[in-house]
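J.: As input, take start_17.cif (mmCIF, C-alpha atoms and all ligand atoms):
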```cif
data_upload
#
loop_
_atom_site.label_atom_id
_atom_site.label_comp_id
_atom_site.auth_asym_id
_atom_site.auth_seq_id
_atom_site.Cartn_x
_atom_site.Cartn_y
_atom_site.Cartn_z
CA MET X 1 -26.97 -13.87 -8.47
CA ALA X 2 -26.55 -17.64 -7.94
CA SER X 3 -23.42 -18.45 -6.00
CA GLN X 4 -22.31 -19.61 -2.55
CA LEU X 5 -20.35 -16.36 -2.29
CA ASP X 6 -21.73 -13.62 -0.06
CA ILE X 7 -22.28 -11.12 -2.87
CA GLN X 8 -24.23 -7.99 -2.02
CA SER X 9 -26.20 -5.81 -4.44
CA HIS X 10 -26.43 -2.01 -4.87
CA TYR X 11 -23.64 -1.55 -2.37
CA SER X 12 -22.47 1.99 -1.50
CA LEU X 13 -18.74 2.45 -2.05
CA ARG X 14 -18.63 5.69 -0.08
CA ALA X 15 -16.62 4.29 2.83
CA LEU X 16 -14.34 2.39 0.45
CA ASN X 17 -12.79 5.32 -1.46
CA THR X 18 -10.86 8.14 0.18
CA PHE X 19 -12.55 10.80 -2.00
CA GLY X 20 -15.76 9.75 -0.20
CA ILE X 21 -17.68 9.48 -3.48
CA ASP X 22 -21.10 7.90 -3.01
CA ALA X 23 -20.99 5.62 -6.07
CA LYS X 24 -22.76 2.26 -5.92
CA ALA X 25 -21.57 -1.17 -6.98
CA ALA X 26 -24.15 -3.34 -8.73
CA HIS X 27 -22.48 -6.31 -6.98
CA TYR X 28 -19.97 -6.32 -4.15
CA LEU X 29 -17.82 -8.96 -2.47
CA GLU X 30 -15.40 -8.57 0.42
CA VAL X 31 -12.49 -10.95 -0.12
CA THR X 32 -10.93 -12.31 3.05
CA ASP X 33 -9.70 -15.62 1.68
CA VAL X 34 -8.22 -16.79 -1.61
CA ALA X 35 -10.79 -19.62 -1.64
CA GLN X 36 -13.40 -16.98 -2.52
CA LEU X 37 -11.42 -16.05 -5.63
CA HIS X 38 -11.21 -19.70 -6.71
CA ALA X 39 -15.00 -19.93 -6.27
CA LEU X 40 -15.47 -16.73 -8.25
CA TYR X 41 -13.30 -18.07 -11.04
CA ARG X 42 -15.23 -21.34 -11.20
CA ASP X 43 -18.53 -19.47 -11.58
CA THR X 44 -18.39 -18.67 -15.30
CA SER X 45 -21.25 -16.14 -15.23
CA LEU X 46 -19.65 -14.21 -12.35
CA ARG X 47 -16.25 -14.38 -13.99
CA ALA X 48 -17.60 -12.74 -17.12
CA ILE X 49 -18.99 -9.55 -15.59
CA PRO X 50 -16.80 -6.41 -15.36
CA ARG X 51 -14.69 -6.23 -12.23
CA LEU X 52 -13.21 -3.47 -10.15
CA ILE X 53 -10.65 -4.32 -7.50
CA LEU X 54 -10.51 -1.99 -4.52
CA GLY X 55 -7.88 -2.00 -1.79
CA GLY X 56 -7.77 1.06 0.43
CA GLY X 57 -9.56 3.08 -2.28
CA SER X 58 -6.98 5.84 -1.93
CA ASN X 59 -5.99 6.04 -5.56
CA VAL X 60 -9.24 5.83 -7.45
CA LEU X 61 -11.79 8.34 -8.69
CA LEU X 62 -15.24 6.80 -9.13
CA THR X 63 -17.05 8.86 -11.77
CA HIS X 64 -20.19 6.71 -11.96
CA ASP X 65 -21.95 3.78 -10.35
CA PHE X 66 -20.08 0.59 -11.17
CA PRO X 67 -22.28 -1.79 -13.17
CA GLY X 68 -20.22 -4.92 -12.42
CA LEU X 69 -18.66 -6.64 -9.41
CA VAL X 70 -16.48 -4.73 -6.95
CA LEU X 71 -14.00 -6.87 -5.03
CA HIS X 72 -12.75 -5.34 -1.81
CA ILE X 73 -9.52 -7.06 -0.82
CA ALA X 74 -9.45 -7.46 2.95
CA THR X 75 -6.96 -10.27 3.65
CA LEU X 76 -4.90 -9.70 6.81
CA GLY X 77 -1.53 -10.75 8.24
CA MET X 78 2.09 -9.59 8.55
CA ALA X 79 5.13 -11.75 9.21
CA VAL X 80 8.89 -11.89 9.13
CA THR X 81 9.58 -14.66 6.66
CA GLY X 82 13.37 -14.94 6.52
CA GLU X 83 16.70 -13.23 6.18
CA ASP X 84 20.07 -13.46 4.51
CA GLU X 85 23.31 -11.62 5.22
CA GLN X 86 22.11 -8.35 3.73
CA GLN X 87 18.36 -8.29 4.18
CA VAL X 88 15.35 -9.20 6.26
CA PHE X 89 12.29 -10.44 4.38
CA VAL X 90 8.81 -9.41 5.52
CA THR X 91 5.46 -10.31 4.03
CA ALA X 92 2.13 -8.55 4.36
CA GLN X 93 -1.30 -9.55 3.13
CA ALA X 94 -2.93 -7.19 0.65
CA GLY X 95 -5.69 -5.94 2.96
CA GLU X 96 -3.32 -4.61 5.63
CA ASN X 97 -3.23 -0.84 6.01
CA TRP X 98 0.02 0.48 4.50
CA HIS X 99 0.91 2.89 7.29
CA ALA X 100 0.17 0.30 10.01
CA PHE X 101 2.48 -2.10 8.15
CA VAL X 102 5.29 0.49 7.97
CA GLN X 103 4.92 1.19 11.69
CA TRP X 104 4.98 -2.54 12.42
CA THR X 105 8.27 -3.01 10.51
CA LEU X 106 9.82 -0.12 12.46
CA ALA X 107 8.57 -1.55 15.77
CA GLN X 108 10.26 -4.86 14.85
CA GLY X 109 13.51 -2.90 14.46
CA PHE X 110 13.58 -3.08 10.64
CA ALA X 111 14.35 0.18 8.86
CA GLY X 112 13.75 1.04 5.21
CA LEU X 113 10.12 2.00 4.77
CA GLU X 114 10.17 5.07 7.08
CA ASN X 115 10.09 7.64 4.26
CA LEU X 116 6.85 6.03 3.07
CA SER X 117 5.03 6.60 6.38
CA LEU X 118 1.42 7.79 6.41
CA ILE X 119 0.70 7.14 2.73
CA PRO X 120 -3.01 6.27 2.68
CA GLY X 121 -4.12 2.93 1.26
CA SER X 122 -3.50 -0.76 1.59
CA VAL X 123 -0.43 -2.97 1.13
CA GLY X 124 -2.02 -4.60 -1.92
CA ALA X 125 -2.58 -1.27 -3.63
CA ALA X 126 0.93 0.01 -2.98
CA PRO X 127 2.62 -1.80 -5.90
CA ILE X 128 -0.04 -0.71 -8.40
CA GLN X 129 1.22 2.85 -8.54
CA ASN X 130 4.64 2.16 -7.01
CA ILE X 131 3.92 4.54 -4.14
CA GLY X 132 6.64 7.05 -3.39
CA ALA X 133 7.40 10.01 -1.15
CA TYR X 134 10.32 11.95 0.32
CA GLY X 135 12.98 10.34 -1.85
CA SER X 136 11.86 6.68 -1.59
CA GLU X 137 9.67 4.46 -3.73
CA LEU X 138 8.15 1.06 -3.04
CA VAL X 139 10.37 -0.47 -5.78
CA ASP X 140 13.46 0.26 -3.61
CA PHE X 141 12.32 -2.31 -1.02
CA PHE X 142 10.03 -4.58 -3.01
CA HIS X 143 10.96 -8.25 -3.35
CA SER X 144 8.03 -10.04 -5.02
CA LEU X 145 4.30 -10.61 -4.77
CA THR X 146 1.60 -13.20 -5.20
CA ALA X 147 -1.56 -12.40 -7.12
CA PHE X 148 -4.61 -14.33 -8.26
CA ASP X 149 -4.98 -14.33 -12.02
CA MET X 150 -8.68 -14.00 -12.89
CA THR X 151 -7.91 -15.05 -16.48
CA SER X 152 -6.34 -18.43 -15.66
CA GLY X 153 -7.63 -19.03 -12.12
CA GLU X 154 -4.05 -19.59 -10.99
CA LEU X 155 -1.65 -17.88 -8.63
CA LEU X 156 0.97 -15.62 -10.20
CA TYR X 157 4.36 -15.08 -8.58
CA LEU X 158 5.78 -11.80 -9.79
CA SER X 159 9.36 -10.62 -9.27
CA LYS X 160 10.40 -6.98 -9.20
CA ALA X 161 11.22 -7.10 -12.92
CA ASP X 162 7.85 -8.72 -13.73
CA CYS X 163 6.03 -5.78 -12.12
CA ALA X 164 7.64 -3.23 -14.53
CA PHE X 165 7.72 -0.52 -11.89
CA ALA X 166 8.18 3.09 -12.99
CA TYR X 167 7.27 6.49 -11.55
CA ARG X 168 3.72 5.95 -10.17
CA ASP X 169 3.28 3.07 -12.59
CA SER X 170 3.44 -0.72 -12.92
CA VAL X 171 2.13 -3.63 -14.98
CA PHE X 172 -1.00 -3.53 -12.75
CA LYS X 173 -2.10 -0.28 -14.43
CA HIS X 174 -1.66 -1.87 -17.86
CA THR X 175 -1.80 -5.51 -18.97
CA LEU X 176 -2.76 -6.86 -15.55
CA ARG X 177 -5.34 -4.14 -14.74
CA ASP X 178 -8.46 -5.72 -13.14
CA ARG X 179 -6.99 -9.11 -14.00
CA ALA X 180 -4.35 -9.76 -11.30
CA ILE X 181 -5.65 -9.50 -7.75
CA ILE X 182 -2.69 -8.84 -5.47
CA LEU X 183 -2.86 -11.11 -2.44
CA GLU X 184 0.44 -10.72 -0.62
CA VAL X 185 3.52 -8.55 -1.00
CA ARG X 186 7.07 -9.42 0.08
CA PHE X 187 9.67 -6.80 0.97
CA ALA X 188 13.45 -7.03 1.41
CA LEU X 189 14.63 -4.57 4.06
CA PRO X 190 18.35 -3.76 4.24
CA LYS X 191 20.35 -4.74 7.34
CA ALA X 192 23.00 -2.09 6.58
CA TRP X 193 20.53 0.76 6.71
CA GLN X 194 21.39 4.28 5.60
CA PRO X 195 19.02 7.18 6.22
CA ASN X 196 17.60 8.64 3.01
CA LEU X 197 17.59 12.41 3.54
CA ARG X 198 17.92 13.44 -0.12
CA TYR X 199 14.60 15.28 0.01
CA ALA X 200 15.46 18.79 1.20
CA GLU X 201 12.20 19.34 3.08
CA LEU X 202 12.77 16.17 5.13
CA ALA X 203 16.35 17.12 6.02
CA ALA X 204 15.09 20.58 7.02
CA GLU X 205 12.36 19.10 9.23
CA LEU X 206 14.91 16.93 11.08
CA ALA X 207 17.29 19.90 11.46
CA SER X 208 14.46 22.00 12.89
CA ARG X 209 13.94 19.27 15.49
CA GLY X 210 17.64 19.41 16.41
CA ILE X 211 18.24 15.84 15.17
CA THR X 212 21.69 15.38 13.63
CA LYS X 213 21.89 11.57 13.59
CA ALA X 214 18.39 10.45 12.64
CA ASN X 215 17.22 6.89 13.24
CA ALA X 216 14.40 5.37 11.19
CA GLN X 217 11.71 6.30 13.72
CA ASP X 218 12.93 9.95 13.75
CA ILE X 219 12.54 9.98 9.98
CA ALA X 220 9.07 8.42 10.15
CA ASP X 221 8.05 11.05 12.73
CA ALA X 222 9.37 13.88 10.52
CA VAL X 223 7.58 12.51 7.43
CA ILE X 224 4.35 12.19 9.42
CA ALA X 225 4.70 15.82 10.58
CA ILE X 226 5.30 17.14 7.04
CA ARG X 227 2.46 15.13 5.54
CA THR X 228 0.07 16.18 8.30
CA ARG X 229 0.95 19.82 7.71
CA LYS X 230 0.62 19.81 3.92
CA LEU X 231 -1.81 17.07 2.96
CA PRO X 232 -5.46 16.84 3.96
CA ASP X 233 -6.49 13.88 6.15
CA PRO X 234 -8.81 11.75 3.99
CA ALA X 235 -10.81 10.89 7.13
CA LYS X 236 -11.78 14.58 7.31
CA VAL X 237 -11.61 15.90 3.74
CA GLY X 238 -12.01 13.46 0.85
CA ASN X 239 -8.93 13.28 -1.40
CA ALA X 240 -6.61 10.83 -3.17
CA GLY X 241 -3.23 12.48 -2.54
CA SER X 242 -1.61 13.97 -5.63
CA PHE X 243 -4.17 14.09 -8.41
CA PHE X 244 -1.61 14.52 -11.21
CA LYS X 245 1.80 13.00 -11.86
CA ASN X 246 4.74 15.33 -11.99
CA PRO X 247 5.29 15.64 -15.77
CA VAL X 248 8.64 14.89 -17.39
CA VAL X 249 9.38 17.30 -20.24
CA SER X 250 12.16 18.04 -22.74
CA ALA X 251 15.04 20.34 -21.77
CA GLU X 252 13.84 22.77 -24.49
CA LEU X 253 10.38 23.12 -22.94
CA ARG X 254 11.80 23.41 -19.43
CA ASN X 255 14.26 26.08 -20.52
CA SER X 256 11.62 28.14 -22.29
CA LEU X 257 9.33 27.88 -19.22
CA LEU X 258 12.23 28.88 -16.98
CA ALA X 259 12.78 32.01 -19.08
CA GLN X 260 9.10 32.85 -18.62
CA TYR X 261 8.85 31.78 -14.95
CA PRO X 262 12.24 32.15 -13.19
CA ALA X 263 10.88 30.42 -10.04
CA LEU X 264 9.90 27.24 -11.98
CA VAL X 265 10.52 24.09 -9.92
CA SER X 266 12.24 21.38 -12.02
CA TYR X 267 14.42 18.37 -11.34
CA PRO X 268 16.96 17.02 -13.90
CA GLN X 269 16.42 13.38 -14.95
CA ALA X 270 19.07 10.85 -15.95
CA ASP X 271 17.96 11.03 -19.61
CA GLY X 272 18.50 14.80 -19.92
CA ARG X 273 14.82 15.65 -19.54
CA TYR X 274 13.31 17.48 -16.55
CA LYS X 275 10.57 16.58 -14.09
CA LEU X 276 8.39 19.60 -13.29
CA ALA X 277 6.44 20.08 -10.06
CA ALA X 278 2.82 19.84 -11.23
CA GLY X 279 1.69 21.43 -7.96
CA TRP X 280 3.84 24.46 -8.71
CA LEU X 281 2.39 24.78 -12.24
CA ILE X 282 -1.21 24.49 -10.96
CA ASP X 283 -0.47 26.98 -8.20
CA GLN X 284 1.13 29.36 -10.72
CA CYS X 285 -1.99 29.14 -12.88
CA GLY X 286 -3.99 30.42 -9.91
CA TRP X 287 -5.89 27.27 -8.92
CA LYS X 288 -4.69 26.76 -5.34
CA GLY X 289 -7.66 26.99 -2.93
CA LYS X 290 -10.15 27.43 -5.81
CA SER X 291 -13.26 25.29 -6.22
CA ILE X 292 -16.04 24.51 -8.67
CA GLY X 293 -19.08 23.50 -6.65
CA ALA X 294 -17.98 20.94 -4.06
CA ALA X 295 -14.80 19.97 -5.95
CA GLY X 296 -11.80 21.92 -4.72
CA VAL X 297 -8.04 22.41 -4.97
CA HIS X 298 -6.36 22.01 -1.57
CA GLU X 299 -5.22 25.29 -0.07
CA ASN X 300 -1.79 23.99 1.05
CA GLN X 301 -0.91 21.79 -1.94
CA ALA X 302 -2.35 22.54 -5.37
CA LEU X 303 -1.64 18.99 -6.58
CA VAL X 304 -4.34 17.59 -4.28
CA LEU X 305 -8.00 17.79 -5.28
CA VAL X 306 -10.50 17.63 -2.45
CA ASN X 307 -14.14 16.75 -1.98
CA LEU X 308 -15.48 19.72 -0.01
CA GLY X 309 -18.64 17.75 0.78
CA GLY X 310 -21.01 15.90 -1.50
CA ALA X 311 -18.96 16.21 -4.71
CA SER X 312 -19.53 13.51 -7.29
CA GLY X 313 -16.68 11.86 -9.15
CA ALA X 314 -17.87 13.69 -12.27
CA ASP X 315 -17.57 17.04 -10.41
CA LEU X 316 -13.96 16.24 -9.49
CA LEU X 317 -13.17 15.08 -13.01
CA HIS X 318 -14.65 18.29 -14.40
CA LEU X 319 -12.37 20.36 -12.12
CA ALA X 320 -9.37 18.20 -13.05
CA ASN X 321 -10.06 18.69 -16.77
CA LYS X 322 -10.33 22.47 -16.33
CA ILE X 323 -6.98 22.51 -14.53
CA ARG X 324 -5.36 20.29 -17.16
CA ASP X 325 -6.63 22.52 -20.00
CA ASP X 326 -5.52 25.72 -18.25
CA VAL X 327 -2.02 24.41 -17.48
CA ASN X 328 -1.73 23.23 -21.08
CA ALA X 329 -2.89 26.60 -22.46
CA LYS X 330 -0.55 28.64 -20.24
CA CYS X 331 2.50 26.37 -20.01
CA GLY X 332 2.21 23.87 -22.88
CA VAL X 333 2.41 20.95 -20.43
CA ILE X 334 -0.18 18.15 -20.40
CA LEU X 335 -0.83 16.79 -16.91
CA GLU X 336 -1.78 13.15 -16.50
CA PRO X 337 -3.97 11.99 -13.61
CA GLU X 338 -2.30 9.81 -11.00
CA PRO X 339 -5.38 7.96 -9.66
CA VAL X 340 -7.19 5.32 -11.65
CA ILE X 341 -10.31 6.94 -13.12
CA VAL X 342 -13.29 4.56 -13.18
N1 LIG I 1 4.59 23.61 -4.91
C1 LIG I 1 4.05 24.86 -5.02
N2 LIG I 1 2.71 25.01 -4.85
C2 LIG I 1 1.89 23.98 -4.56
C3 LIG I 1 2.43 22.68 -4.45
C4 LIG I 1 3.79 22.50 -4.63
O1 LIG I 1 4.76 25.82 -5.29
O2 LIG I 1 0.69 24.21 -4.41
C5 LIG I 1 6.04 23.41 -5.07
C6 LIG I 1 6.68 23.09 -3.71
O3 LIG I 1 7.04 24.26 -3.02
C7 LIG I 1 7.90 22.31 -4.12
C8 LIG I 1 7.42 21.57 -5.36
O4 LIG I 1 6.28 22.26 -5.86
O5 LIG I 1 8.94 23.15 -4.50
C9 LIG I 1 7.09 20.12 -5.09
O6 LIG I 1 6.08 20.03 -4.07
P1 LIG I 1 6.13 18.90 -2.94
O7 LIG I 1 7.50 18.80 -2.38
O8 LIG I 1 5.00 19.16 -2.01
O9 LIG I 1 5.91 17.54 -3.70
P2 LIG I 1 5.07 17.18 -5.00
O10 LIG I 1 5.99 17.08 -6.16
O11 LIG I 1 3.92 18.11 -5.12
C10 LIG I 1 5.37 14.62 -4.72
C11 LIG I 1 4.49 13.41 -4.76
C12 LIG I 1 3.78 13.24 -3.43
C13 LIG I 1 4.81 13.09 -2.33
C14 LIG I 1 5.70 14.34 -2.34
C15 LIG I 1 6.85 14.21 -1.38
C16 LIG I 1 3.82 13.08 -7.05
C17 LIG I 1 2.72 13.22 -8.05
N3 LIG I 1 3.54 13.52 -5.82
O12 LIG I 1 4.52 15.75 -4.59
O13 LIG I 1 3.04 12.03 -3.49
O14 LIG I 1 4.22 12.95 -1.06
O15 LIG I 1 6.30 14.52 -3.67
O16 LIG I 1 7.75 13.25 -1.84
O17 LIG I 1 4.87 12.56 -7.39
C18 LIG I 1 0.93 11.08 -4.00
O18 LIG I 1 1.50 10.49 -4.91
O19 LIG I 1 -0.30 10.97 -3.79
C19 LIG I 1 1.69 12.02 -3.19
C20 LIG I 1 1.14 12.79 -2.24
#
```
For this file, write the structure as structure tokens.
T.:
Amino acid sequence: MASQLDIQSHYSLRALNTFGIDAKAAHYLEVTDVAQLHALYRDTSLRAIPRLILGGGSNVLLTHDFPGLVLHIATLGMAVTGEDEQQVFVTAQAGENWHAFVQWTLAQGFAGLENLSLIPGSVGAAPIQNIGAYGSELVDFFHSLTAFDMTSGELLYLSKADCAFAYRDSVFKHTLRDRAIILEVRFALPKAWQPNLRYAELAAELASRGITKANAQDIADAVIAIRTRKLPDPAKVGNAGSFFKNPVVSAELRNSLLAQYPALVSYPQADGRYKLAAGWLIDQCGWKGKSIGAAGVHENQALVLVNLGGASGADLLHLANKIRDDVNAKCGVILEPEPVIV
């Protein structure tokens, strides 16, 4: 492939996705500088081939070798960029590890992101699915971001509204998918910080540690403990966190399920509908700890699919489809995958 860019061929993506799937990229480029993206854009033949953008690879299921160009975003840097009366502004480059960034903000004395500790992946991937955990979501602290637009070759500056954040969703899963390459993300962290202990399991963890007036680091430590207990470490067992979104259903459906299953876990939404715990439904249908070949359902959290060793993306997708069909047959609820399926 003619270009001054250091593009590699038949590149294994195994170390670049947290499921540990050994899919290959026909062409691969590690992006450490925006100048590479300008060069890519100027090369009309390169620009035309299908692209896949990978950050930390923690929210993707690779079901086949990728026939086009995989861009691994590896730009680094974190900085405090300003403040006003209410907030401190911090900026991180897309290739930074999310958890390392959260820990860095806490070490600087800035609270806000503690509930989002230990989420696998990179800073640049975090806005794509509006990462969330233990009562917080990225959108709560997001200010704006800069991305490279592969369609125009120009930089895009996107505000919070431009990103159309929703539950595990954003414009980057829709109109800007594989088009906008997120380069840097800016956060606004509140100076008048309040602990967010709405999530019962988090409050219980702090209580069990005898902490009555939690600071941000106490909360981060509690979140890290809960996650470590319940969720498999992708460095040891391949996984992409929750494999399905928690479905939002009508009050009618929730009420009829509740009559059938009195222990149903559901959370009322502002619009009168209910969010159901997909992990509870999958568990109820008997899938927790089960496996088909090397594709498994985690034994402590049925929402997490795991690569028990050597599973292909197709194996995991097959298991996911079986689970989806079974939950639909037994409960009348259609589960949607959370990761991007490629
Ligand atoms: N449950 C079961 N069995 C299971 C799993 C869950 O009965 O196998 C029940 C739990 O006891 C609880 C309820 O289902 O009553 C919800 O479970 P949990 O609190 O573990 O959270 P979740 O709804 O399964 C969501 C996020 C996680 C996030 C946690 C904590 C989604 C899809 N998942 O999981 O996010 O860490 O809440 O906030 O929204 C991720 O997105 O990758 C992820 C891990």
J.: May I have the residues within 8 Å of ligand LIG 1 (chain I), computed using only C-alpha atoms and all ligand atoms, as a ChimeraX atom specification?
T.: /X:59,119,131-136,167-168,199,201,227,230-231,240-246,265,276-284,288,298-304,338
J.: Please compute the CA of Tyr261 (chain X)-CA of Val248 (chain X) distance, one decimal, in Å.
T.: 17.1 Å
J.: Write out as a VMD selection string each polymer residue whose atoms come within 7 Å of region 63-80 of chain X, counting only C-alpha atoms; drop sequence neighbours fewer than 6 positions from it.
T.: chain X and resid 23 to 33 49 to 55 89 to 96 312 to 314 342
J.: If you keep C-alpha atoms, can you produce a file of those selected residues as a JSON list (two decimals), in the coordinates of the input?
T.:
```
[["chain", "number", "residue", "atom", "x", "y", "z"],
["X", 23, "ALA", "CA", -20.99, 5.62, -6.07],
["X", 24, "LYS", "CA", -22.76, 2.26, -5.92],
["X", 25, "ALA", "CA", -21.57, -1.17, -6.98],
["X", 26, "ALA", "CA", -24.15, -3.34, -8.73],
["X", 27, "HIS", "CA", -22.48, -6.31, -6.98],
["X", 28, "TYR", "CA", -19.97, -6.32, -4.15],
["X", 29, "LEU", "CA", -17.82, -8.96, -2.47],
["X", 30, "GLU", "CA", -15.40, -8.57, 0.42],
["X", 31, "VAL", "CA", -12.49, -10.95, -0.12],
["X", 32, "THR", "CA", -10.93, -12.31, 3.05],
["X", 33, "ASP", "CA", -9.70, -15.62, 1.68],
["X", 49, "ILE", "CA", -18.99, -9.55, -15.59],
["X", 50, "PRO", "CA", -16.80, -6.41, -15.36],
["X", 51, "ARG", "CA", -14.69, -6.23, -12.23],
["X", 52, "LEU", "CA", -13.21, -3.47, -10.15],
["X", 53, "ILE", "CA", -10.65, -4.32, -7.50],
["X", 54, "LEU", "CA", -10.51, -1.99, -4.52],
["X", 55, "GLY", "CA", -7.88, -2.00, -1.79],
["X", 89, "PHE", "CA", 12.29, -10.44, 4.38],
["X", 90, "VAL", "CA", 8.81, -9.41, 5.52],
["X", 91, "THR", "CA", 5.46, -10.31, 4.03],
["X", 92, "ALA", "CA", 2.13, -8.55, 4.36],
["X", 93, "GLN", "CA", -1.30, -9.55, 3.13],
["X", 94, "ALA", "CA", -2.93, -7.19, 0.65],
["X", 95, "GLY", "CA", -5.69, -5.94, 2.96],
["X", 96, "GLU", "CA", -3.32, -4.61, 5.63],
["X", 312, "SER", "CA", -19.53, 13.51, -7.29],
["X", 313, "GLY", "CA", -16.68, 11.86, -9.15],
["X", 314, "ALA", "CA", -17.87, 13.69, -12.27],
["X", 342, "VAL", "CA", -13.29, 4.56, -13.18]]
```
J.: State, in Å with one decimal place, the distance from CA of Val60 (chain X) to CA of Ala225 (chain X).
T.: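 For CA of Val60 (chain X) relative to CA of Ala225 (chain X), the distance reads 24.9 Å.
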J.: Taking (11.5, 15.7, -17.7) as a centre in this file's frame and 8 Å as the limit, can you find every polymer residue with an atom that close, using only C-alpha atoms, and give them as a ChimeraX atom specification?
T.: /X:247-251,254,267-269,272-276
J.: To one decimal in Å, tell me the separation between CA of His143 (chain X) and CA of Ala35 (chain X).
T.: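 Going from CA of His143 (chain X) over to CA of Ala35 (chain X), I get 24.6 Å.
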J.: Pick from X:Leu258, X:Leu16, X:Leu118, X:Ile7: nearest to Ile219 (chain X), with all atoms listed in the file counted?
T.: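 Using all atoms listed in the file, the shortest distance to Ile219 (chain X) belongs to X:Leu118.
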J.: Find, counting only C-alpha atoms, the residue in X:Leu116, X:Ala320, X:Val88, X:Ala270 that gets nearest to Trp287 (chain X).
T.: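 Closest candidate: X:Ala320.
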J.: Which residues are close to Ala220 (chain X), i.e. within 9 Å by all atoms listed in the file, leaving aside same-chain residues fewer than 6 positions away? Reply as a list in words.
T.: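 So the residues in contact are Gln103, Leu106, Leu113, Glu114, Asn115, Leu116, Ser117 and Leu118 of chain X.
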J.: When you count all atoms listed in the file, which of these residues is closest to Asp326 (chain X): X:Cys285, X:Val237, X:Ala39, X:Leu308?
T.: X:Cys285
